[in-house]
Each structure stands twice: as C-alpha cells, then as structure tokens.
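J.: My questions will all concern the structure given below.
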2 protein chains.
Amino acid sequence: MARKKTNRLGIVCIVGPGLIGGSIGLGLKKKGLAELVIGVGRRSPSLTKALKLGAIDRATQDIEKGAGDADIVILCTSVRLIPQMAAKAVPVMKRGAILTDVGSTKQHIVKCIQDIKRKDIPFIGGHPIAGSERRGIEAAKADLFEGRLCILTPAGRNAGALRTIKALWQGLGAKISILSPDEHDRTLAATSHLPLILAASLVSTVGAKRLPYTGPGFRDMTRIASSDPELWCDILLQNRRKVLDALKLFQKELSHIESAIYGERQARLSSQLMRAKRLRDAL
Amino acid sequence: MARKKTNRLGIVCIVGPGLIGGSIGLGLKKKGLAELVIGVGRRSPSLTKALKLGAIDRATQDIEKGAGDADIVILCTSVRLIPQMAAKAVPVMKRGAILTDVGSTKQHIVKCIQDIKRKDIPFIGGHPIAGSERRGIEAAKADLFEGRLCILTPAGRNAGALRTIKALWQGLGAKISILSPDEHDRTLAATSHLPLILAASLVSTVGAKRLPYTGPGFRDMTRIASSDPELWCDILLQNRRKVLDALKLFQKELSHIESAIYGERQARLSSQLMRAKRLRDAL
C-alpha cells in the first residue's frame with residue numbers, strides 16, 4: 001500500500017459518523033491519511049461504537065470542541081441538519097481550515113453556508129454516490145467509496161482547498177467529478193431522487209396482498225424504498241423544483257410506452273425498450 | 001438428498017431449453033425426477049450446449065418427435081411462440097400426457113390452448129417467478145427455482161395432472177400458488193410487467209449523459225431494463241389491458257407523492273414514504 005504522505009490531511013473532524021461519516025473515518029485511518037479523526041455525534045452509544053470500530057480516534061458531543069481543532073470539518077448529518085451544523089462549526093474553525101459535506105443536495109446547502117459569511121473558511125460541497133438503504137455506523141466500511149464517484153461542487157475560488165478535498169476522496173478510492181451545485185441537483189434529481197419516488201410508488205401500487213408474488217427483479221428495484229423516510233423527505237423538499245422537473249420528464253417517457261401499449265404498436269414499443277436496454281447495457 | 005420416487009415424472013420434453021427450460025432440465029436431472037429429458041430447440045448450437053451441460057439427455061429440432069414420446073411437455077419458449085408450439089405438440093402427444101408451460105402471461109395462452117381442443121390432454125398453466133435479465137442455456141442453473149414461487153393456473157378439472165405438475169415444481173424446490181389465469185395476469189401486471197416499464201422509462205429519462213452519475217441503487221433498479229425487448233413486447237401486448245390498469249394505479253400513487261412535494265407537505269410526504277418502507281421491509 002502506498003503511504004507516501006501519511007497524515008497529510010491533518011486533523012479531520014467528522015460530524016455525524018454514521019454510514020457515510022463512519023466509512024470516511026474507517027477509510028482515512030486504514031490508509032493513514034489523517035493525523036487524528038475526531039467524531040462529533042449527538043448520541044453517545046453511536047460514538048462509542050464508532051470508537052470501538054476504529055472509525056474515529058476521539059469522540060465528542062460538542063461540535064464546537066470537535067471543529068475547533070480540525071484542519072478539515074466534514075458534515076455527514078442529514079441534509080436538513082448540515083446548515084445548522086455549519087453555523088455552529090464555522091465560527092470556531094481555525095483560520096484556513098476547510099469545511100466540506102456529503103449531502104445529497106447542494107444548492108440549498110451552499111446557499112445556507114454562503115450566508116454564514118466567513119471568507120477565510122473555504123467550503124467545498126461534496127457528495128459521494130455510494131449510499132445504501134442502510135444507515136448508521138454499523139453499516140460503515142473502509143472501502144465504501146472504492147471505485148465510486150464523488151461529486152464536488154466548490155463554491156468560489158480556492159484551488160488549494162479543492163485540491164485537499166480531492167486528495168481526501170481519491171485517497172478513499174473515489175473518482176472525482178466537478179459540477180456546479182445547480183448541475184449536481186439537476187443530475188441527482190434524475191439519477192437518485194426520482195428512483196426513490198418510483199420505488200416507493202411501485203411498492204404502494206403492488207400493495208401488501210400482492211407482494212408475495214414478486215420476484216428478485218422487484219426486490220432489487222424497490223430496495224431503496226426501505227431507506228429512511230425522514231432523510232428522503234428532506235432531500236426531496238430541498239431539491240423540490242428539480243425533482244418535480246425530473247418527474248415531468250419521467251411521466252413523458254412513461255406515456256410514450258403507455259401509448260405504444262395502448263395502440264398495440266409493437267414496433268414502437270420494441271424500439272423504446274431497445275433504446276432503454278442499450279443505455280442500461282452501457283452501464 | 002431424498003430420492004424416494006426417482007424418475008416418477010417419466011419422460012419430460014422441454015420445448016426451448018434456455019434459461020428457464022434449461023434450469024428445469026438441470027434440476028430434474030440433479031434430483032433424479034425424470035426418466036429422460038428431451039430438449040426441443042430451433043438452434044442446433046444451443047441444443048448441443050444443453051446436452052453438454054447435462055440439462056437434457058436427448059435433443060431434437062422436431063417438436064413432433066420430441067413431444068410424441070413424452071409424459072409431460074413443458075413449453076419454455078417466448079409467450080408469443082407458446083400457442084404455436086402447443087398447436088404442434090398437442091396432436092402428437094400420448095393419451096393422458098400433460099401439457100404445461102412457463103409463460104409470463106396466462107389468459108391469452110390458456111385461451112389459445114383451449115382452442116386446440118383435445119380433451120384427453122390436460123393443460124396446467126405454469127409460471128415460475130424466477131426470471132432474470134439474462135437469457136439462454138448459459139445462464140441456466142439447477143437451483144434457479146429453489147425457494148421461489150411457481151404460480152399454477154390449472155384449466156378445467158384434472159386433479160391428477162395438477163398433482164403431477166405440483167410435484168415437478170416442488171421437486172425443483174419451488175413453492176406453489178394456485179391462481180386463475182385472470183388473477184395471475186392482474187397480479188403479474190403489477191408485480192412484474194409494470195416494473196419493467198418503469199425501469200425502461202427511468203433509464204430513458206436519465207439518458208446517456210447522466211448515466212455516469214448513477215449509483216448502486218440505480219443499477220439495481222434498472223437491471224431488468226437489460227432484458228430482451230422482444231420477449232417483453234410480447235408479454236406487455238398479450239397482457240395489455242391489465243398492464244394499462246396497473247399503469248393507471250401507479251400513476252395515481254406517483255401523483256400523490258408529486259403533489260406532496262409540490263405543496264411542500266412534509267408530513268404527508270413522510271407518511272407516504274413510510275408506508276412504502278413498511279411494505280418493502282416486510283418482503
């Protein structure tokens with residue numbers, strides 16, 4: 001394993017060491033990328049677990065204490081709490097320290113954090129595409145980001161901070177893509193937020209009585225409907241307009257297939273399914 | 001392994017030894033349930049492969065030859081070809097032999113086979129819920145049906161034939177559910193045909209440009225969009241009315257979530273997602 005520049009990220013503070021935050025901690029420690037990993041959490045048992053699993057070196061329930069010492073503060077809470085956590089962390093952060101996050105939405109979060117206005121703390125928005133229907137530190141693993149994409153949405157110009165956060169994610173095995181917060185949210189509305197809505201609607205359409213007649217395809221397709229509803233509510237409402245746009249586009253695609261079936265237009269139906277197959281096969 | 005009544009199913013003819021037919025053959029032979037397994041196929045290389053893999057004992061491209069010797073004829077072709085294969089097999093079948101199939105639709109197939117009118121050949125419609133986006137004998141495996149559901153739709157009254165076909169599927173490890181062809185098609189429209197349409201529409205909505213920004217949840221959700229478009233065209237058109245009904249129900253569920261997002265009704269949105277989560281968690 002290449003450990004050319006060990007500890008190069010300095011002291012990292014992970015606010016919310018759950019599935020994502022805990023996996024970051026495990027990965028940083030496994031690869032020897034950080035000098036120290038501080039975990040900030042609300043619940044003491046979770047912090048104890050994170051310590052036991054070796055995802056963090058030190059635990060505190062006091063964000064101001066945890067963030068004050070850090071060179072990098074990573075906000076890994078629900079998207080609803082990220083702005084609040086930022087508001088608490090930013091005032092106590094060291095001059096030149098970097099703030100980043102892993103939230104599934106970006107425009108709302110970037111706007112909130114820009115309103116905090118501390119020019120010497122660069123904010124690099126981040127979003128690793130490596131979620132799961134599972135939650136919590138128990139599901140965390142050091143290689144969660146290996147080969148996955150991490151989207152960064154740097155606000156303003158701070159090439160040094162961007163380089164550091166890129167190095168962090170690349171160190172964890174992720175590939176980097178740079179998008180604007182607007183592009184991120186528009187893209188994820190289609191690739192992530194829309195699928196959640198479809199999975200939930202599909203499960204509700206089938207209903208309890210018919211669930212026993214579902215096969216492995218249905219299981220795969222609806223797995224994300226088991227995700228935490230509160231987390232998703234926040235995401236869908238924060239990205240409301242773009243989610244509604246994605247729904248409109250989807251309904252248009254759906255109506256193409258529907259009308260081909262209605263009109264018994266075999267050739268048209270077949271070419272629509274073939275187009276989807278070609279796209280999917282390319283994945 | 002319990003091999004109490006070996007070979008009890010006699011000579012079994014599998015028309016179309018692909019993923020499903022080939023897996024039936026492999027399972028029958030592994031469990032010693034059949035005296036002989038004859039494979040009928042159109043393409044010689046596939047038959048050769050089926051012989052090599054041990055899914056069949058004997059191969060022929062002539063359905064009349066294969067079906068004439070059999071105690072059980074299992075039609076495993078696409079749903080479009082099942083009625084044609086039945087029309088060829090039934091006239092040559094031995095008195096008292098049983099005809100069955102594995103088609104994903106039932107009403108249309110049952111109607112076609114009833115029109116053939118040979119009263120001494122009972123038809124037991126069958127549908128194992130064990131598909132895959134893959135196809136062909138290469139993907140076949142002896143335990144494909146282990147723990148899966150197989151729906152049987154017996155037409156008319158023939159308790160002996162139903163018992164035999166039940167024994168066949170139970171021998172392969174499947175659980176049996178008896179439905180009318182109408183119930184089968186209504187159920188599968190929601191649990192299987194609708195998901196295929198949603199997966200295809202979702203892939204098309206996301207499009208080539210945004211596919212790199214998808215995660216594991218999206219992959220799982222759209223896997224079935226890689227299935228064979230021709231097979232699916234036939235299924236969707238044979239079950240057209242019930243598929244359109246399922247689409248209407250889905251669109252209603254979707255519009256509930258859409259309007260909760262549009263109206264920023266957090267509590268309503270949360271309870272809709274929670275309902276779907278509870279249903280999905282019960283799977």
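Naming works like this for the structure tokens: A, B, ... for the chains as they're shown, residue 1 at the start of each chain, ligands 1 onward in shown order.
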Where does DSSP see strand (DSSP E or B) in range 43-213 of chain B, if you list the residues as a compact mmCIF listing (two decimals) with C-alpha atoms, in the first residue's frame?
T.:
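Contents of result_35.txt, freshly written:
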# COMPACT_ATOMS: atom_id res chain seq x y z
CA ARG B 58 -31.57 -36.13 -25.97
CA ALA B 59 -32.00 -33.27 -28.43
CA THR B 60 -34.21 -32.73 -31.45
CA ILE B 72 -45.00 -34.19 -19.72
CA VAL B 73 -44.40 -31.47 -22.32
CA ILE B 74 -43.18 -28.15 -20.89
CA LEU B 75 -43.35 -25.17 -23.22
CA ILE B 98 -49.74 -33.48 -19.60
CA LEU B 99 -49.06 -30.14 -21.27
CA THR B 100 -47.70 -27.26 -19.22
CA ASP B 101 -45.75 -24.03 -19.79
CA PHE B 123 -53.14 -28.23 -19.71
CA ILE B 124 -51.73 -26.85 -16.47
CA GLY B 125 -50.52 -23.29 -16.98
CA GLY B 126 -47.37 -22.52 -15.03
CA HIS B 127 -45.19 -19.50 -14.27
CA PRO B 128 -42.12 -19.74 -12.05
CA LEU B 149 -42.76 -19.21 -6.15
CA CYS B 150 -44.33 -21.06 -9.06
CA ILE B 151 -47.85 -19.99 -9.95
CA LEU B 152 -50.06 -22.68 -11.49
CA THR B 153 -53.28 -21.86 -13.34
CA PRO B 154 -55.00 -25.20 -13.96
CA LYS B 175 -43.40 -23.18 -3.55
CA ILE B 176 -46.75 -23.46 -5.34
CA SER B 177 -49.51 -20.90 -5.59
CA ILE B 178 -52.75 -21.61 -7.50
J.: Report as a PyMOL selection string: the residues of range 64-228 of chain B with a DSSP assignment of alpha helix (DSSP H), based on the backbone of this structure.
T.: chain B and resi 64-68+82-89+107-116+159-171+181-188+194-210+216-222
J.: Identify which of the residues A:Arg42, A:Lys248, A:Lys242, A:Arg210 lies closest to chain B, counting only C-alpha atoms when measuring atom-to-atom distances.
T.: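 Ranking A:Arg42, A:Lys248, A:Lys242, A:Arg210 by distance to chain B, first place goes to A:Arg210.
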J.: Would you list which chain A residues are within 6 Å of chain B using only C-alpha atoms, as a list of chain:residue names?
T.: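 Going by the stated atoms only, the list reads A:Ile129, A:Ala190, A:Thr191, A:Ala200, A:Ser201, A:Val203, A:Ser204, A:Thr205, A:Val206, A:Thr214, A:Gly215, A:Asp220, A:Met221, A:Ala225, A:Ser226, A:Pro229, A:Cys233, A:Phe250, A:Glu253, A:Leu254, A:Ser270, A:Leu273, A:Met274, A:Ala276, A:Lys277, A:Arg280.
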J.: Which residues are close to range 166-174 of chain A, i.e. within 8 Å by only C-alpha atoms, leaving aside same-chain residues fewer than 5 positions away? Reply as a PDB file with N, CA and C atoms, in the first residue's frame.
T.:
ATOM      1  N   LEU A   9      -3.574  14.929   5.690  1.00  0.00           N
ATOM      2  CA  LEU A   9      -4.800  15.727   5.819  1.00  0.00           C
ATOM      3  C   LEU A   9      -4.913  16.394   7.192  1.00  0.00           C
ATOM      4  N   ILE A  24     -15.937   7.117   5.987  1.00  0.00           N
ATOM      5  CA  ILE A  24     -14.825   8.053   5.744  1.00  0.00           C
ATOM      6  C   ILE A  24     -13.751   7.847   6.815  1.00  0.00           C
ATOM      7  N   GLY A  27     -11.893   4.595   6.394  1.00  0.00           N
ATOM      8  CA  GLY A  27     -11.016   4.670   5.227  1.00  0.00           C
ATOM      9  C   GLY A  27      -9.787   5.520   5.495  1.00  0.00           C
ATOM     10  N   LEU A  28     -10.002   6.687   6.115  1.00  0.00           N
ATOM     11  CA  LEU A  28      -8.878   7.588   6.428  1.00  0.00           C
ATOM     12  C   LEU A  28      -7.871   6.880   7.322  1.00  0.00           C
ATOM     13  N   LYS A  31      -5.993   3.942   5.554  1.00  0.00           N
ATOM     14  CA  LYS A  31      -4.989   4.403   4.600  1.00  0.00           C
ATOM     15  C   LYS A  31      -3.958   5.338   5.242  1.00  0.00           C
ATOM     16  N   LEU A  33      -4.336   8.435   6.286  1.00  0.00           N
ATOM     17  CA  LEU A  33      -4.387   9.737   5.617  1.00  0.00           C
ATOM     18  C   LEU A  33      -4.508  10.907   6.595  1.00  0.00           C
ATOM     19  N   PRO A 128     -20.555  11.906  -2.190  1.00  0.00           N
ATOM     20  CA  PRO A 128     -20.141  10.592  -2.692  1.00  0.00           C
ATOM     21  C   PRO A 128     -21.372   9.777  -3.082  1.00  0.00           C
ATOM     22  N   ALA A 142     -14.614   0.562   5.340  1.00  0.00           N
ATOM     23  CA  ALA A 142     -13.472   1.353   4.875  1.00  0.00           C
ATOM     24  C   ALA A 142     -13.451   1.505   3.359  1.00  0.00           C
ATOM     25  N   ASP A 143     -13.998   0.518   2.634  1.00  0.00           N
ATOM     26  CA  ASP A 143     -13.904   0.570   1.165  1.00  0.00           C
ATOM     27  C   ASP A 143     -15.207   1.005   0.498  1.00  0.00           C
ATOM     28  N   PHE A 145     -16.206   3.712  -0.620  1.00  0.00           N
ATOM     29  CA  PHE A 145     -16.076   4.680  -1.721  1.00  0.00           C
ATOM     30  C   PHE A 145     -15.152   4.194  -2.837  1.00  0.00           C
ATOM     31  N   GLU A 146     -14.620   3.004  -2.659  1.00  0.00           N
ATOM     32  CA  GLU A 146     -13.672   2.431  -3.620  1.00  0.00           C
ATOM     33  C   GLU A 146     -14.344   2.305  -4.995  1.00  0.00           C
ATOM     34  N   GLY A 147     -13.809   3.001  -5.982  1.00  0.00           N
ATOM     35  CA  GLY A 147     -14.350   2.925  -7.341  1.00  0.00           C
ATOM     36  C   GLY A 147     -15.629   3.720  -7.553  1.00  0.00           C
ATOM     37  N   ARG A 148     -16.152   4.355  -6.503  1.00  0.00           N
ATOM     38  CA  ARG A 148     -17.376   5.156  -6.634  1.00  0.00           C
ATOM     39  C   ARG A 148     -17.037   6.570  -7.084  1.00  0.00           C
ATOM     40  N   LEU A 149     -18.085   7.276  -7.475  1.00  0.00           N
ATOM     41  CA  LEU A 149     -17.914   8.662  -7.875  1.00  0.00           C
ATOM     42  C   LEU A 149     -18.164   9.572  -6.677  1.00  0.00           C
ATOM     43  N   CYS A 150     -17.350  10.608  -6.549  1.00  0.00           N
ATOM     44  CA  CYS A 150     -17.674  11.653  -5.576  1.00  0.00           C
ATOM     45  C   CYS A 150     -17.769  12.975  -6.335  1.00  0.00           C
TER      46      CYS A 150
END
J.: Between B:Ile137, B:Asp182, B:Gln61, B:Val90, single out the one closest to Pro17 in chain B, counting only C-alpha atoms.
T.: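 Going through B:Ile137, B:Asp182, B:Gln61, B:Val90 one by one, the smallest distance to Pro17 in chain B is for B:Ile137.
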J.: Which residues are near Gly25 in chain A? Cut-off 9 Å, only C-alpha atoms, ignore same chain within fewer than 6 positions. Put them as a list in words.
T.: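 The residues that qualify are Val12, Ile14, Pro17, Val37, Ile38, Gly39, Ala50, Gly54, Ala55, Ile56, Asp57 and Ala142 of chain A.
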J.: Could you write those residues out with N, CA and C atoms, as a short mmCIF file (atom, residue, chain, number, x, y, z; two decimals), in the first residue's frame?
T.:
data_model
loop_
_atom_site.label_atom_id
_atom_site.label_comp_id
_atom_site.auth_asym_id
_atom_site.auth_seq_id
_atom_site.Cartn_x
_atom_site.Cartn_y
_atom_site.Cartn_z
N VAL A 12 -8.91 15.65 11.16
CA VAL A 12 -10.19 15.65 10.44
C VAL A 12 -11.32 15.48 11.45
N ILE A 14 -15.24 14.61 11.80
CA ILE A 14 -16.40 14.06 11.11
C ILE A 14 -17.64 14.32 11.96
N PRO A 17 -20.79 10.50 12.47
CA PRO A 17 -20.10 9.31 11.98
C PRO A 17 -21.05 8.12 11.84
N VAL A 37 -8.64 11.57 13.80
CA VAL A 37 -10.03 11.69 13.35
C VAL A 37 -10.92 11.90 14.57
N ILE A 38 -11.57 13.05 14.60
CA ILE A 38 -12.48 13.37 15.71
C ILE A 38 -13.91 13.15 15.24
N GLY A 39 -14.69 12.42 16.02
CA GLY A 39 -16.09 12.20 15.68
C GLY A 39 -17.00 13.04 16.54
N ALA A 50 -18.49 3.91 17.17
CA ALA A 50 -17.55 4.43 16.18
C ALA A 50 -16.11 4.33 16.70
N GLY A 54 -13.09 1.74 15.39
CA GLY A 54 -11.89 2.39 14.88
C GLY A 54 -12.17 3.38 13.77
N ALA A 55 -13.42 3.87 13.70
CA ALA A 55 -13.75 4.86 12.67
C ALA A 55 -13.30 6.25 13.10
N ILE A 56 -13.16 6.46 14.42
CA ILE A 56 -12.70 7.75 14.96
C ILE A 56 -11.70 7.47 16.09
N ASP A 57 -10.85 8.48 16.34
CA ASP A 57 -9.88 8.34 17.42
C ASP A 57 -10.37 8.98 18.72
N ALA A 142 -14.61 0.56 5.34
CA ALA A 142 -13.47 1.35 4.87
C ALA A 142 -13.45 1.50 3.36
#
J.: Take CA of Lys117 in chain B and CA of Leu179 in chain B and report the distance between them in Å, one decimal.
T.: 22.1 Å
J.: Out of A:Lys52, A:His108, A:Lys65, A:Arg135, which residue has the shortest atom-to-atom distance to Gly21 in chain A when counting only C-alpha atoms?
T.: A:Arg135
J.: Rounded to one decimal, what separation in Å do you get between CA of Pro181 in chain B and CA of Gly103 in chain B?
T.: 11.3 Å
